[in-house]
Structures are given as C-alpha cells and as structure tokens.
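Okay, protein_13.cif is below, mmCIF, C-alpha atoms and all ligand atoms:
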```cif
data_query
#
loop_
_atom_site.label_atom_id
_atom_site.label_comp_id
_atom_site.auth_asym_id
_atom_site.auth_seq_id
_atom_site.Cartn_x
_atom_site.Cartn_y
_atom_site.Cartn_z
CA MET G 14 39.86 134.61 161.52
CA THR G 15 42.05 137.69 161.88
CA ILE G 16 45.76 137.57 161.13
CA ASP G 17 47.98 139.34 163.62
CA PRO G 18 49.05 142.65 161.99
CA ALA G 19 52.76 141.94 162.55
CA LEU G 20 52.39 138.54 160.90
CA ARG G 21 50.43 140.07 158.04
CA GLU G 22 53.26 142.56 157.45
CA SER G 23 55.97 139.88 157.41
CA LEU G 24 53.91 137.73 155.03
CA ARG G 25 53.26 140.71 152.76
CA ALA G 26 56.97 141.66 152.73
CA ALA G 27 58.13 138.15 151.78
CA SER G 28 59.33 137.64 148.21
CA ARG G 29 60.05 133.91 148.64
CA VAL G 30 57.08 131.85 149.88
CA VAL G 31 56.75 128.04 149.94
CA ALA G 32 53.56 126.11 150.66
CA LEU G 33 53.86 122.52 151.90
CA THR G 34 50.51 120.73 151.72
CA GLY G 35 49.12 117.43 152.94
CA ALA G 36 45.89 115.49 152.68
CA GLY G 37 43.99 118.10 154.72
CA VAL G 38 44.02 120.59 151.84
CA SER G 39 41.87 118.15 149.82
CA ALA G 40 39.59 117.22 152.73
CA GLU G 41 36.98 119.89 151.86
CA SER G 42 36.89 118.48 148.33
CA GLY G 43 35.62 115.25 149.85
CA VAL G 44 38.91 113.34 149.48
CA PRO G 45 39.50 111.48 152.77
CA THR G 46 42.77 112.12 154.59
CA PHE G 47 45.04 109.29 155.69
CA ARG G 48 44.13 109.73 159.30
CA ASP G 49 40.42 109.76 158.68
CA ARG G 50 39.01 106.37 159.31
CA GLN G 51 38.62 104.67 155.95
CA THR G 52 35.01 104.43 154.82
CA GLY G 53 32.91 101.48 153.75
CA LEU G 54 34.70 98.22 153.09
CA TRP G 55 38.01 100.00 153.29
CA GLU G 56 37.21 100.68 156.93
CA ARG G 57 38.80 97.38 157.91
CA TYR G 58 42.10 98.33 156.24
CA ASP G 59 44.72 100.76 157.50
CA ALA G 60 45.88 103.10 154.73
CA LEU G 61 49.39 102.91 156.12
CA GLU G 62 49.26 99.14 155.61
CA LEU G 63 47.90 99.32 152.06
CA ALA G 64 50.37 102.02 150.88
CA THR G 65 53.37 99.65 150.89
CA PRO G 66 55.22 97.49 148.31
CA GLU G 67 54.65 94.48 150.58
CA ALA G 68 50.87 94.92 150.42
CA PHE G 69 50.99 95.19 146.62
CA ALA G 70 53.20 92.11 146.34
CA ARG G 71 50.92 90.18 148.70
CA ASP G 72 47.61 91.18 147.12
CA PRO G 73 48.04 93.30 143.96
CA SER G 74 44.34 93.32 143.11
CA LEU G 75 43.33 94.58 146.55
CA VAL G 76 45.88 97.41 146.45
CA TRP G 77 45.21 98.30 142.81
CA GLY G 78 41.46 98.28 143.63
CA TRP G 79 42.07 100.72 146.49
CA TYR G 80 44.00 103.09 144.28
CA GLU G 81 41.37 102.87 141.50
CA TRP G 82 38.70 103.66 144.13
CA ARG G 83 40.75 106.69 145.23
CA ARG G 84 41.43 107.76 141.64
CA ALA G 85 37.74 107.60 140.77
CA ALA G 86 36.91 109.61 143.90
CA VAL G 87 39.49 112.27 142.97
CA LEU G 88 38.14 112.49 139.41
CA ARG G 89 34.71 113.22 140.93
CA ALA G 90 36.09 115.78 143.37
CA GLU G 91 36.47 119.48 142.65
CA PRO G 92 39.25 121.81 143.85
CA ASN G 93 38.12 123.74 146.90
CA PRO G 94 38.72 127.43 147.85
CA GLY G 95 41.91 126.38 149.63
CA HIS G 96 43.45 125.02 146.40
CA ARG G 97 42.38 128.15 144.54
CA ALA G 98 43.73 130.48 147.22
CA LEU G 99 47.19 128.89 146.96
CA ALA G 100 47.13 129.47 143.19
CA ALA G 101 46.13 133.11 143.82
CA ILE G 102 48.93 133.60 146.36
CA ALA G 103 51.42 132.17 143.84
CA ARG G 104 50.36 134.89 141.39
CA ALA G 105 50.79 137.62 144.04
CA VAL G 106 54.25 136.61 145.29
CA ALA G 107 57.55 137.11 143.46
CA HIS G 108 58.88 133.58 144.08
CA PHE G 109 56.41 130.86 145.12
CA ALA G 110 56.80 127.08 145.29
CA LEU G 111 54.02 124.58 145.98
CA ILE G 112 55.26 121.31 147.44
CA THR G 113 52.65 118.64 148.09
CA GLN G 114 52.56 115.24 149.74
CA ASN G 115 49.26 114.60 147.97
CA VAL G 116 48.93 112.28 145.01
CA ASP G 117 45.75 113.90 143.65
CA ASP G 118 45.70 116.58 140.92
CA LEU G 119 43.43 119.04 142.74
CA HIS G 120 46.19 121.66 143.08
CA GLU G 121 46.65 121.63 139.30
CA ARG G 122 42.91 121.71 138.68
CA GLY G 123 42.69 124.56 141.19
CA GLY G 124 45.07 126.67 139.07
CA SER G 125 48.48 125.87 140.54
CA VAL G 126 51.39 125.31 138.17
CA GLU G 127 54.75 123.57 138.65
CA VAL G 128 53.40 121.57 141.58
CA VAL G 129 56.16 119.52 143.23
CA HIS G 130 54.76 116.07 144.12
CA LEU G 131 56.97 114.48 146.79
CA HIS G 132 54.93 111.26 146.94
CA GLY G 133 54.07 110.75 143.27
CA GLU G 134 50.73 111.02 141.50
CA LEU G 135 47.71 108.76 141.11
CA SER G 136 47.57 109.74 137.43
CA ARG G 137 51.07 108.41 136.63
CA PRO G 138 51.15 104.64 137.07
CA TYR G 139 54.08 102.72 135.61
CA CYS G 140 55.33 99.20 135.02
CA GLY G 141 56.85 97.70 138.14
CA GLU G 142 59.32 95.76 135.96
CA CYS G 143 60.57 98.09 133.21
CA ARG G 144 59.13 101.35 134.65
CA ALA G 145 57.43 102.24 131.34
CA ALA G 146 54.66 104.78 131.92
CA TYR G 147 51.14 103.34 131.74
CA ARG G 148 48.37 105.44 130.21
CA PHE G 149 44.90 105.03 131.70
CA PRO G 150 42.02 104.56 129.25
CA ASP G 151 40.46 107.95 128.51
CA ALA G 152 37.08 107.11 130.00
CA ALA G 153 36.94 107.88 133.74
CA PRO G 154 36.74 104.65 135.70
CA ALA G 155 33.36 103.71 137.06
CA LEU G 156 33.57 104.21 140.83
CA PRO G 157 34.51 100.70 141.92
CA ALA G 158 32.68 99.37 144.92
CA ASP G 159 34.94 100.13 147.84
CA GLY G 160 36.86 97.03 148.74
CA ALA G 161 36.61 95.76 145.15
CA ARG G 162 39.64 93.84 143.96
CA ILE G 163 40.79 94.94 140.51
CA GLU G 164 43.54 93.11 138.63
CA PRO G 165 46.31 95.62 137.79
CA PRO G 166 46.89 96.07 134.04
CA ARG G 167 49.91 94.60 132.26
CA CYS G 168 52.69 96.63 130.64
CA ALA G 169 52.38 96.79 126.83
CA ARG G 170 56.17 96.77 126.53
CA CYS G 171 57.27 93.92 128.79
CA GLY G 172 54.09 92.36 130.20
CA GLY G 173 55.08 93.35 133.73
CA ARG G 174 52.51 94.31 136.31
CA VAL G 175 51.58 98.02 136.35
CA ARG G 176 51.73 99.70 139.77
CA PRO G 177 50.33 102.96 141.18
CA GLY G 178 52.54 106.00 140.44
CA VAL G 179 52.95 106.83 144.13
CA VAL G 180 55.79 106.58 146.67
CA TRP G 181 54.91 103.84 149.15
CA PHE G 182 56.09 103.67 152.75
CA GLY G 183 59.59 102.21 152.69
CA GLU G 184 60.31 103.60 149.21
CA PRO G 185 62.65 106.52 148.60
CA LEU G 186 61.24 109.85 147.46
CA PRO G 187 61.97 110.82 143.83
CA ALA G 188 65.32 112.61 143.79
CA ARG G 189 64.45 115.68 141.72
CA PRO G 190 61.21 116.68 143.52
CA TRP G 191 62.97 116.19 146.85
CA GLN G 192 65.94 118.35 145.79
CA LEU G 193 63.59 121.05 144.46
CA ALA G 194 61.74 121.02 147.78
CA VAL G 195 64.88 121.25 149.91
CA ASP G 196 66.33 124.08 147.79
CA ALA G 197 63.07 126.08 147.90
CA VAL G 198 62.54 125.59 151.64
CA ARG G 199 66.14 126.42 152.50
CA ARG G 200 65.82 129.82 150.76
CA CYS G 201 62.23 130.73 151.65
CA GLU G 202 61.22 133.59 153.95
CA VAL G 203 57.79 132.08 154.65
CA LEU G 204 56.65 128.46 154.81
CA LEU G 205 52.88 127.85 154.81
CA CYS G 206 52.34 124.37 156.24
CA VAL G 207 48.80 123.40 155.24
CA GLY G 208 46.71 120.33 156.10
CA THR G 209 49.43 117.95 157.17
CA SER G 210 49.81 115.97 160.37
CA ALA G 211 53.58 116.35 159.84
CA VAL G 212 54.34 112.76 160.83
CA VAL G 213 55.50 111.39 157.49
CA HIS G 214 59.21 111.73 156.85
CA PRO G 215 61.26 113.00 155.18
CA ALA G 216 58.53 115.47 154.03
CA ALA G 217 57.83 116.56 157.61
CA SER G 218 61.50 117.47 158.08
CA LEU G 219 60.97 120.36 155.62
CA VAL G 220 59.16 122.21 158.42
CA ASP G 221 62.22 121.96 160.66
CA LEU G 222 64.46 122.99 157.75
CA ALA G 223 62.39 126.13 157.19
CA ALA G 224 62.38 127.05 160.88
CA HIS G 225 66.12 126.46 161.23
CA SER G 226 66.73 128.52 158.06
CA GLY G 227 65.04 131.49 159.74
CA ALA G 228 61.75 131.42 157.82
CA THR G 229 58.42 132.48 159.29
CA VAL G 230 56.49 129.20 159.54
CA VAL G 231 52.68 129.44 159.49
CA GLN G 232 50.55 126.32 159.97
CA VAL G 233 46.95 126.04 158.72
CA ASN G 234 45.16 123.12 160.34
CA PRO G 235 41.99 122.73 162.46
CA ALA G 236 43.80 120.33 164.80
CA PRO G 237 47.11 120.07 166.65
CA THR G 238 49.95 118.42 164.72
CA ALA G 239 53.47 117.14 165.23
CA ALA G 240 54.68 120.48 163.83
CA ASP G 241 53.10 122.50 166.66
CA ARG G 242 56.43 122.34 168.52
CA ILE G 243 58.28 124.24 165.80
CA VAL G 244 55.85 126.45 163.86
CA GLY G 245 55.78 130.14 164.75
CA HIS G 246 52.07 130.63 164.03
CA SER G 247 49.16 128.21 163.99
CA LEU G 248 45.95 129.35 162.28
CA ARG G 249 43.39 126.87 163.58
CA GLY G 250 40.80 126.30 160.90
CA PRO G 251 40.04 124.55 157.63
CA ALA G 252 42.26 125.41 154.67
CA GLY G 253 39.22 126.21 152.52
CA VAL G 254 38.32 129.03 154.92
CA VAL G 255 41.67 130.22 156.29
CA LEU G 256 43.64 130.37 153.04
CA PRO G 257 41.17 132.55 151.09
CA GLU G 258 40.95 134.93 154.06
CA MET G 259 44.76 135.02 154.36
CA ALA G 260 45.18 135.56 150.61
CA ALA G 261 42.71 138.46 150.67
CA SER G 262 43.95 140.19 153.81
CA VAL G 263 47.68 139.77 153.14
CA TRP G 264 47.98 139.83 149.35
CA GLY G 265 44.70 141.47 148.39
CA THR G 266 43.66 138.55 146.17
CA ARG G 267 40.02 137.80 145.42
C1 LIG L 301 61.41 106.68 153.18
C2 LIG L 301 51.75 108.15 148.77
C3 LIG L 301 63.58 105.76 153.04
C4 LIG L 301 51.00 106.85 148.85
C5 LIG L 301 52.60 108.53 151.02
C6 LIG L 301 59.80 106.30 162.12
C7 LIG L 301 60.07 107.64 162.26
C8 LIG L 301 60.20 108.48 161.16
C9 LIG L 301 60.07 107.96 159.88
C10 LIG L 301 59.77 106.65 159.75
C11 LIG L 301 59.64 105.81 160.84
N1 LIG L 301 59.35 104.58 160.38
C12 LIG L 301 59.30 104.59 159.03
C13 LIG L 301 59.58 105.84 158.64
C14 LIG L 301 59.66 106.33 157.28
C15 LIG L 301 58.27 106.53 156.70
C16 LIG L 301 57.40 107.36 157.59
O1 LIG L 301 57.53 108.57 157.67
N2 LIG L 301 56.45 106.67 158.29
C17 LIG L 301 55.56 107.38 159.18
C18 LIG L 301 54.17 106.76 159.11
C19 LIG L 301 56.13 107.30 160.59
N3 LIG L 301 58.52 107.26 155.47
C20 LIG L 301 58.74 106.57 154.34
O2 LIG L 301 58.66 105.38 154.25
C21 LIG L 301 59.12 107.42 153.15
N4 LIG L 301 60.28 106.82 152.53
O3 LIG L 301 61.60 107.06 154.31
O4 LIG L 301 62.33 106.02 152.43
C22 LIG L 301 64.40 105.10 152.03
C23 LIG L 301 65.52 105.76 151.55
C24 LIG L 301 66.32 105.11 150.64
C25 LIG L 301 65.97 103.83 150.17
C26 LIG L 301 64.82 103.19 150.64
C27 LIG L 301 64.02 103.84 151.58
C28 LIG L 301 58.00 107.45 152.13
C29 LIG L 301 56.85 108.22 152.70
C30 LIG L 301 55.80 108.42 151.61
C31 LIG L 301 54.64 107.48 151.84
N5 LIG L 301 53.60 107.73 150.84
N6 LIG L 301 51.69 108.81 150.05
C32 LIG L 301 49.51 107.06 148.89
O5 LIG L 301 49.04 108.22 148.86
O6 LIG L 301 48.81 106.04 148.93
S1 LIG L 301 52.44 109.31 152.50
C33 LIG L 301 50.80 109.55 152.73
O7 LIG L 301 50.60 109.69 154.11
C34 LIG L 301 50.32 110.81 152.14
O8 LIG L 301 50.92 111.13 150.92
C35 LIG L 301 50.64 111.81 153.18
O9 LIG L 301 51.88 112.40 152.94
C36 LIG L 301 50.78 110.99 154.40
C37 LIG L 301 49.71 111.41 155.34
O10 LIG L 301 50.12 112.65 155.79
P1 LIG L 301 49.20 113.95 155.66
O11 LIG L 301 49.22 114.42 154.26
O12 LIG L 301 49.67 114.83 156.71
O13 LIG L 301 47.75 113.44 155.93
P2 LIG L 301 47.16 113.00 157.32
O14 LIG L 301 45.92 112.26 157.04
O15 LIG L 301 48.24 112.38 158.13
O16 LIG L 301 46.81 114.37 158.04
C38 LIG L 301 45.83 115.20 157.50
C39 LIG L 301 45.93 116.51 158.23
O17 LIG L 301 44.98 117.40 157.67
C40 LIG L 301 45.59 116.39 159.73
O18 LIG L 301 46.55 117.11 160.45
C41 LIG L 301 44.22 117.06 159.83
O19 LIG L 301 44.05 117.73 161.05
C42 LIG L 301 44.30 118.06 158.71
N7 LIG L 301 43.01 118.50 158.15
C43 LIG L 301 41.85 117.81 158.07
N8 LIG L 301 40.92 118.58 157.45
C44 LIG L 301 41.53 119.76 157.13
C45 LIG L 301 42.87 119.71 157.57
N9 LIG L 301 43.73 120.72 157.40
C46 LIG L 301 43.28 121.82 156.77
N10 LIG L 301 42.01 121.96 156.32
C47 LIG L 301 41.13 120.95 156.47
N11 LIG L 301 39.86 121.09 156.02
#
```
Whole structure, structure tokens version:
Amino acid sequence: MTIDPALRESLRAASRVVALTGAGVSAESGVPTFRDRQTGLWERYDALELATPEAFARDPSLVWGWYEWRRAAVLRAEPNPGHRALAAIARAVAHFALITQNVDDLHERGGSVEVVHLHGELSRPYCGECRAAYRFPDAAPALPADGARIEPPRCARCGGRVRPGVVWFGEPLPARPWQLAVDAVRRCEVLLCVGTSAVVHPAASLVDLAAHSGATVVQVNPAPTAADRIVGHSLRGPAGVVLPEMAASVWGTR
C-alpha cells in the first residue's frame, strides 16, 4: 500500500495526531468485532442486544457469562502489529492521543500509554449498587464454554451484584474520557480513524468534529464505513498491515 506523497507530507508535518480506534484494530488478534457474526452458542445472540442494561437485568448470568467469555478470549489474545504501530507513532509525534471504543487492553499491552477508553474496560467491573470496584481473582478465568451462564459475583462492600465495567447501549459515556476525546480531536491536525464502522454514537461524531475542525482525516479499514462520506483519505486494508507501513513510510518507525 503506498501513501500518496502529499498525504505523507501532511502526516509527517503534523504535531498533533489523534487515533480513534474500534473493534477492527483487535480483529487480527482474534478478538471478534461487533459486526462479525457471533461464534458458537453466541451465534444466536446479537451483541447489540446483550450489551444493554436491560439484558443484564433480565438475565445477569447470561450477560456476565458473555463478558467472561470475551474477557478470557482477550486474555488469550496478543496485541497485533496494528496496536504496536500506534504505540510507535505516538513515540514519533509531538502530541498524540489514542482514543478507543474497545474494552480490551490490547492497546496497553501493545505499548500504548494513556489510552482513553470511551466505552469502559472489561478489566474494571464494579458493583451495580454502590459502584465499588471489583477485583477479579488473579488466576485467568478458564475459557467458559460459549453460551455458558455464569452468576455475577457479589460486592464485598454492600452485597450488590457486580456488573461489567463497560458502557452499555443507552448508558452515558464517562464524562472525563469523553471530554478528553473532544478536546484532543478539536485541536488535532490529523485524525486516524482505525477499524470502526463509525455507527456508534457519540463516538462516531468525533470523526465529524475532526473534519469540521479542519483536520486531515485518514481512515484505515478494509471495508466501507459510515465515515466514508466525511473522511479525506481511506486506506483500504487491515490495520495490522496498513498501520505498520504508514508508521514506517511517514514517521520512519520500525
Ligand atoms: C448514549 C461497550 C445517551 C460494551 C459499546 C440512533 C442513531 C444514533 C445513535 C443512536 C441511535 N439509537 C441509539 C443510539 C445511541 C447508541 C448508538 O449509537 N447505537 C447505535 C447502534 C446506533 N449509543 C449509545 O447508547 C451510547 N450512549 O448514547 O447515551 C445518554 C446520555 C445521557 C444519559 C443516558 C443516555 C453508548 C454507546 C456505547 C455502547 N457500548 N461497547 C461492549 O463492548 O460490550 S459500543 C460497541 O459497539 C463497541 O465498543 C464498539 O464501539 C461498537 C462497535 O463499533 P466498532 O468498534 O466500530 O466495531 P464494529 O464491529 O461495528 O466494526 C468493526 C469495523 O472494523 C468494521 O468497519 C470492519 O470493517 C473493521 N475491520 C474488520 N477487520 C479489520 C477492520 N479494520 C481494520 N483492520 C482490520 N483487520
């Protein structure tokens, strides 16, 4: 994949770069995206249905089982060259911010620091009643059979039911990560929009904010997305291939 020389120059000249990532950046690590059909027993469930407070209230063990299945899968996954390339770009650019919609920790394990999680993190469950943080047992969970119901743990402080540390559909985004994201995108010269279908709001509105703030918006995705209408450049390919090539040719990283 060759980057247009003019684009390469504007990327290289930028001192403020933001990356906005979605599930696609973890796809090559073997972590299924939301729009992939769910596998195995989860195949009969729609992720968009399970990732809601209503689903958890209706069937807490089913939803907790789904998140434990995802958490175990993430613990078994490794960061891919796309995660590592973003960490390398951050080291090459004066001001870099990584904003993710993902709830896995593969950016951190791939070398990124100060990752802004707009939709929470699998590793930070908390009590649904008193919001006390819940600490998982140290041993990695055995990979539950997909579709397995697992009773959520109880809060040591108040006995309330522990819930996944993610933002469900219908729930507001955490105020500070959202403010950090808006401030960074408003001031950036380049937005790299990587591995997101750009249909989930308000995260997807960050792409419009960047474009309307005059930033160069570059999308990395093998497929068309809802952001195609507004991005300036679409690099059609997997993040694990495109990002390392971009990092090397623009910023000379290895
Ligand atoms: C809120 C955590 C208000 C949970 C997630 C109608 C219009 C607009 C908005 C709405 C609407 N109806 C409802 C809404 C609001 C709703 C929303 O946007 N719904 C969508 C479905 C229409 N949003 C909300 O509910 C948000 N909250 O609005 O609150 C409010 C305010 C005050 C008070 C009360 C309420 C909350 C949204 C957060 C939901 N939680 N995650 C969990 O993980 O279980 S979102 C979840 O889905 C993911 O985190 C992710 O963000 C999203 C899926 O998006 P992507 O990351 O883009 O993943 P996807 O699978 O879609 O796409 C993958 C892409 O990767 C594809 O493009 C593919 O081509 C590409 N790809 C594949 N392989 C690769 C690749 N790319 C690169 N390389 C590869 N190798």
Next on the checklist: Using all atoms listed in the file, which protein or nucleic acid residues come within 7 Å of Asn115 in chain G? Drop anything in the same chain fewer than 3 positions from it, and give the result as an MDAnalysis selection string.
Outcome noted: chainID G and resid 35:36 130 132
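Among the candidates G:Ile16, G:Ile163, G:Ala27, G:Leu248, the one nearest to ligand LIG 301 (chain L) when counting only C-alpha atoms and all ligand atoms is G:Leu248.
Of the residues under consideration (G:Trp191, G:Tyr80, G:Tyr139, G:Phe182), G:Phe182 shows the shortest atom-to-atom contact distance to ligand LIG 301 (chain L) when counting only C-alpha atoms and all ligand atoms.
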Item to check | Expected answer as a count of residues only: all residues with atoms within 6 Å of (46.9, 128.0, 162.4), all atoms listed in the file | outcome: 6
Item to check | Residues within 7 Å of ligand LIG 301 (chain L), counting only C-alpha atoms and all ligand atoms, as a ChimeraX atom specification | outcome: /G:34-38,40-41,46-49,61,64,114-116,132-133,179-186,207-215,233-238,250-253
Next on the checklist: Which residues are close to Glu22 in chain G, i.e. within 12 Å by only C-alpha atoms, leaving aside same-chain residues fewer than 2 positions away? Reply as an MDAnalysis selection string.
Outcome noted: chainID G and resid 16:20 24:27 203 229 259 262:264
Could you build a table of the residues in range 89-192 of chain G lying no more than 10 Å from range 196-201 of chain G, giving for each the nearest pair of atoms and their separation in Å rounded to one decimal place, using only C-alpha atoms, ordered by chain and ascending residue number, as a tab-separated table?
```
residue	atom	partner	partner_atom	distance
G:His108	CA	G:Cys201	CA	8.8
G:Phe109	CA	G:Ala197	CA	8.7
G:Ala110	CA	G:Ala197	CA	6.9
G:Leu111	CA	G:Ala197	CA	9.4
G:Ile112	CA	G:Ala197	CA	9.2
G:Pro190	CA	G:Asp196	CA	10.0
G:Trp191	CA	G:Asp196	CA	8.6
G:Gln192	CA	G:Asp196	CA	6.1
```
Checklist entry - Separation of CA of Arg174 in chain G and CA of Glu142 in chain G, in Å? => result 7.0 Å
